[in-house]
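Peer 1: Can you read through this structure? Questions will come right after.
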Amino acid sequence: MTEKTALTPKTHTTPPAKFSHGVRKGNILQVAGQVGFLPAVEGEPPTSAGPTLREQTLQTLANVRAILEEGGATWDDAMMIRVYLTDVDHFAEMNQIYNTYFEEQGLTAPPAARTTVYVGLPAGLLIEIDALAVLS
């Protein structure tokens, strides 16, 4: 039986409840929902990357990537990405940011993706992203 390993990169704070930023079991890695917080500073509360969708999306993707890397994965291992927006009017802008980001990553076979409008994020946060990866 393969052990389950909780993942918390150095850039992330300890989760505030009984969950992990990511979990790997065997060749499967699940990244929990990430938001656009800047890398953690010990003793300081989480800080948003900025007020704009662009700033938060790029930081959120960096946070997802950090967990993938902590678990030994890359974007090429990502099978599914789920994006949660707080405003339906952000779809087009998010798609542009997302497409440019993954073009810059050199991703030739993008993962499946789903975008949902979700209004339950803390005030000021505009986007949350999670991912599922399968390592070779």
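Numbering starts fresh at 1 for the residues of each chain in the structure tokens, the chains themselves are lettered A, B, ... in the order given, and ligands are numbered from 1 as they appear.
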Could you name the residues that touch Pro111 in chain A at 7 Å or less, counting only C-alpha atoms, but leaving out those on the same chain fewer than 6 positions away, as a list in words?
Peer 2: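 Residues meeting the cut-off are Ala78, Met79, Met80 and Ile81 of chain A.
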Peer 1: Pick out the residues sitting within 12 Å of range 45-47 of chain A, and hand them over as an MDAnalysis selection string; count only C-alpha atoms, and ignore anything fewer than 3 positions along from it in its own chain.
Peer 2: chainID A and resid 11:16 35:42 50:51 56 59 122 124:125
Peer 1: Can I get the selected residues back with N, CA and C atoms, as a PDB file, in the first residue's frame?
Peer 2:
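Listed below is the output, again_29.pdb:
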ATOM      1  N   THR A  11       7.004  28.101   0.628  1.00  0.00           N
ATOM      2  CA  THR A  11       6.355  29.359   0.249  1.00  0.00           C
ATOM      3  C   THR A  11       4.946  29.487   0.832  1.00  0.00           C
ATOM      4  N   HIS A  12       4.439  28.415   1.421  1.00  0.00           N
ATOM      5  CA  HIS A  12       3.058  28.385   1.906  1.00  0.00           C
ATOM      6  C   HIS A  12       3.007  28.354   3.434  1.00  0.00           C
ATOM      7  N   THR A  13       1.944  28.912   3.967  1.00  0.00           N
ATOM      8  CA  THR A  13       1.722  28.857   5.411  1.00  0.00           C
ATOM      9  C   THR A  13       1.169  27.481   5.787  1.00  0.00           C
ATOM     10  N   THR A  14       1.254  27.150   7.062  1.00  0.00           N
ATOM     11  CA  THR A  14       0.600  25.945   7.551  1.00  0.00           C
ATOM     12  C   THR A  14      -0.901  26.157   7.408  1.00  0.00           C
ATOM     13  N   PRO A  15      -1.629  25.187   6.851  1.00  0.00           N
ATOM     14  CA  PRO A  15      -3.073  25.367   6.692  1.00  0.00           C
ATOM     15  C   PRO A  15      -3.747  25.663   8.036  1.00  0.00           C
ATOM     16  N   PRO A  16      -4.800  26.497   8.012  1.00  0.00           N
ATOM     17  CA  PRO A  16      -5.468  26.895   9.249  1.00  0.00           C
ATOM     18  C   PRO A  16      -6.378  25.822   9.838  1.00  0.00           C
ATOM     19  N   VAL A  35      -5.105  30.283  -3.679  1.00  0.00           N
ATOM     20  CA  VAL A  35      -5.484  31.656  -4.010  1.00  0.00           C
ATOM     21  C   VAL A  35      -4.216  32.482  -4.220  1.00  0.00           C
ATOM     22  N   GLY A  36      -4.385  33.750  -4.532  1.00  0.00           N
ATOM     23  CA  GLY A  36      -3.264  34.615  -4.902  1.00  0.00           C
ATOM     24  C   GLY A  36      -2.534  35.246  -3.743  1.00  0.00           C
ATOM     25  N   PHE A  37      -2.176  34.454  -2.736  1.00  0.00           N
ATOM     26  CA  PHE A  37      -1.369  34.982  -1.643  1.00  0.00           C
ATOM     27  C   PHE A  37       0.106  34.925  -2.021  1.00  0.00           C
ATOM     28  N   LEU A  38       0.826  35.981  -1.671  1.00  0.00           N
ATOM     29  CA  LEU A  38       2.277  36.015  -1.867  1.00  0.00           C
ATOM     30  C   LEU A  38       2.931  34.959  -0.985  1.00  0.00           C
ATOM     31  N   PRO A  39       4.184  34.585  -1.276  1.00  0.00           N
ATOM     32  CA  PRO A  39       4.870  33.612  -0.418  1.00  0.00           C
ATOM     33  C   PRO A  39       4.811  34.031   1.054  1.00  0.00           C
ATOM     34  N   ALA A  40       4.668  33.047   1.888  1.00  0.00           N
ATOM     35  CA  ALA A  40       4.474  33.263   3.327  1.00  0.00           C
ATOM     36  C   ALA A  40       5.689  33.933   3.966  1.00  0.00           C
ATOM     37  N   VAL A  41       5.397  34.813   4.914  1.00  0.00           N
ATOM     38  CA  VAL A  41       6.413  35.428   5.761  1.00  0.00           C
ATOM     39  C   VAL A  41       6.039  35.049   7.182  1.00  0.00           C
ATOM     40  N   GLU A  42       6.952  34.330   7.857  1.00  0.00           N
ATOM     41  CA  GLU A  42       6.650  33.844   9.199  1.00  0.00           C
ATOM     42  C   GLU A  42       6.227  34.976  10.129  1.00  0.00           C
ATOM     43  N   GLY A  50      -2.211  41.333  -4.964  1.00  0.00           N
ATOM     44  CA  GLY A  50      -2.696  42.622  -5.446  1.00  0.00           C
ATOM     45  C   GLY A  50      -4.186  42.571  -5.673  1.00  0.00           C
ATOM     46  N   PRO A  51      -4.766  43.699  -6.039  1.00  0.00           N
ATOM     47  CA  PRO A  51      -6.212  43.762  -6.194  1.00  0.00           C
ATOM     48  C   PRO A  51      -6.726  43.293  -7.554  1.00  0.00           C
ATOM     49  N   GLN A  56      -3.537  38.351  -9.104  1.00  0.00           N
ATOM     50  CA  GLN A  56      -3.968  37.203  -8.312  1.00  0.00           C
ATOM     51  C   GLN A  56      -3.889  35.896  -9.104  1.00  0.00           C
ATOM     52  N   GLN A  59      -0.177  34.790  -9.397  1.00  0.00           N
ATOM     53  CA  GLN A  59       0.318  34.295  -8.114  1.00  0.00           C
ATOM     54  C   GLN A  59      -0.337  32.961  -7.759  1.00  0.00           C
ATOM     55  N   PRO A 122     -12.946  34.664   0.439  1.00  0.00           N
ATOM     56  CA  PRO A 122     -12.831  35.814   1.339  1.00  0.00           C
ATOM     57  C   PRO A 122     -12.785  37.131   0.554  1.00  0.00           C
ATOM     58  N   GLY A 124     -11.988  40.367  -1.303  1.00  0.00           N
ATOM     59  CA  GLY A 124     -10.805  40.801  -2.030  1.00  0.00           C
ATOM     60  C   GLY A 124     -10.171  39.736  -2.901  1.00  0.00           C
ATOM     61  N   LEU A 125     -10.480  38.461  -2.640  1.00  0.00           N
ATOM     62  CA  LEU A 125      -9.910  37.392  -3.462  1.00  0.00           C
ATOM     63  C   LEU A 125     -10.824  37.141  -4.658  1.00  0.00           C
TER      64      LEU A 125
END
Peer 1: For CA of Asp130 in chain A and CA of Leu68 in chain A, quote the distance in Å rounded to one decimal.
Peer 2: 10.5 Å
Peer 1: Using only C-alpha atoms, can you tell me which of A:Lys10, A:Lys25, A:Lys18, A:Lys4 comes closest to Ala66 in chain A?
Peer 2: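 For Ala66 in chain A, the nearest of the candidates is A:Lys10.
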Peer 1: Quick one: pick out all alpha helix (DSSP H) residues within chain A from a backbone DSSP run and write them as a count of residues only.
Peer 2: 32
Peer 1: Between A:Thr116, A:Thr108, A:Thr60, A:Ser136, which has the minimum distance to Gly26 in chain A (counting only C-alpha atoms)?
Peer 2: A:Ser136
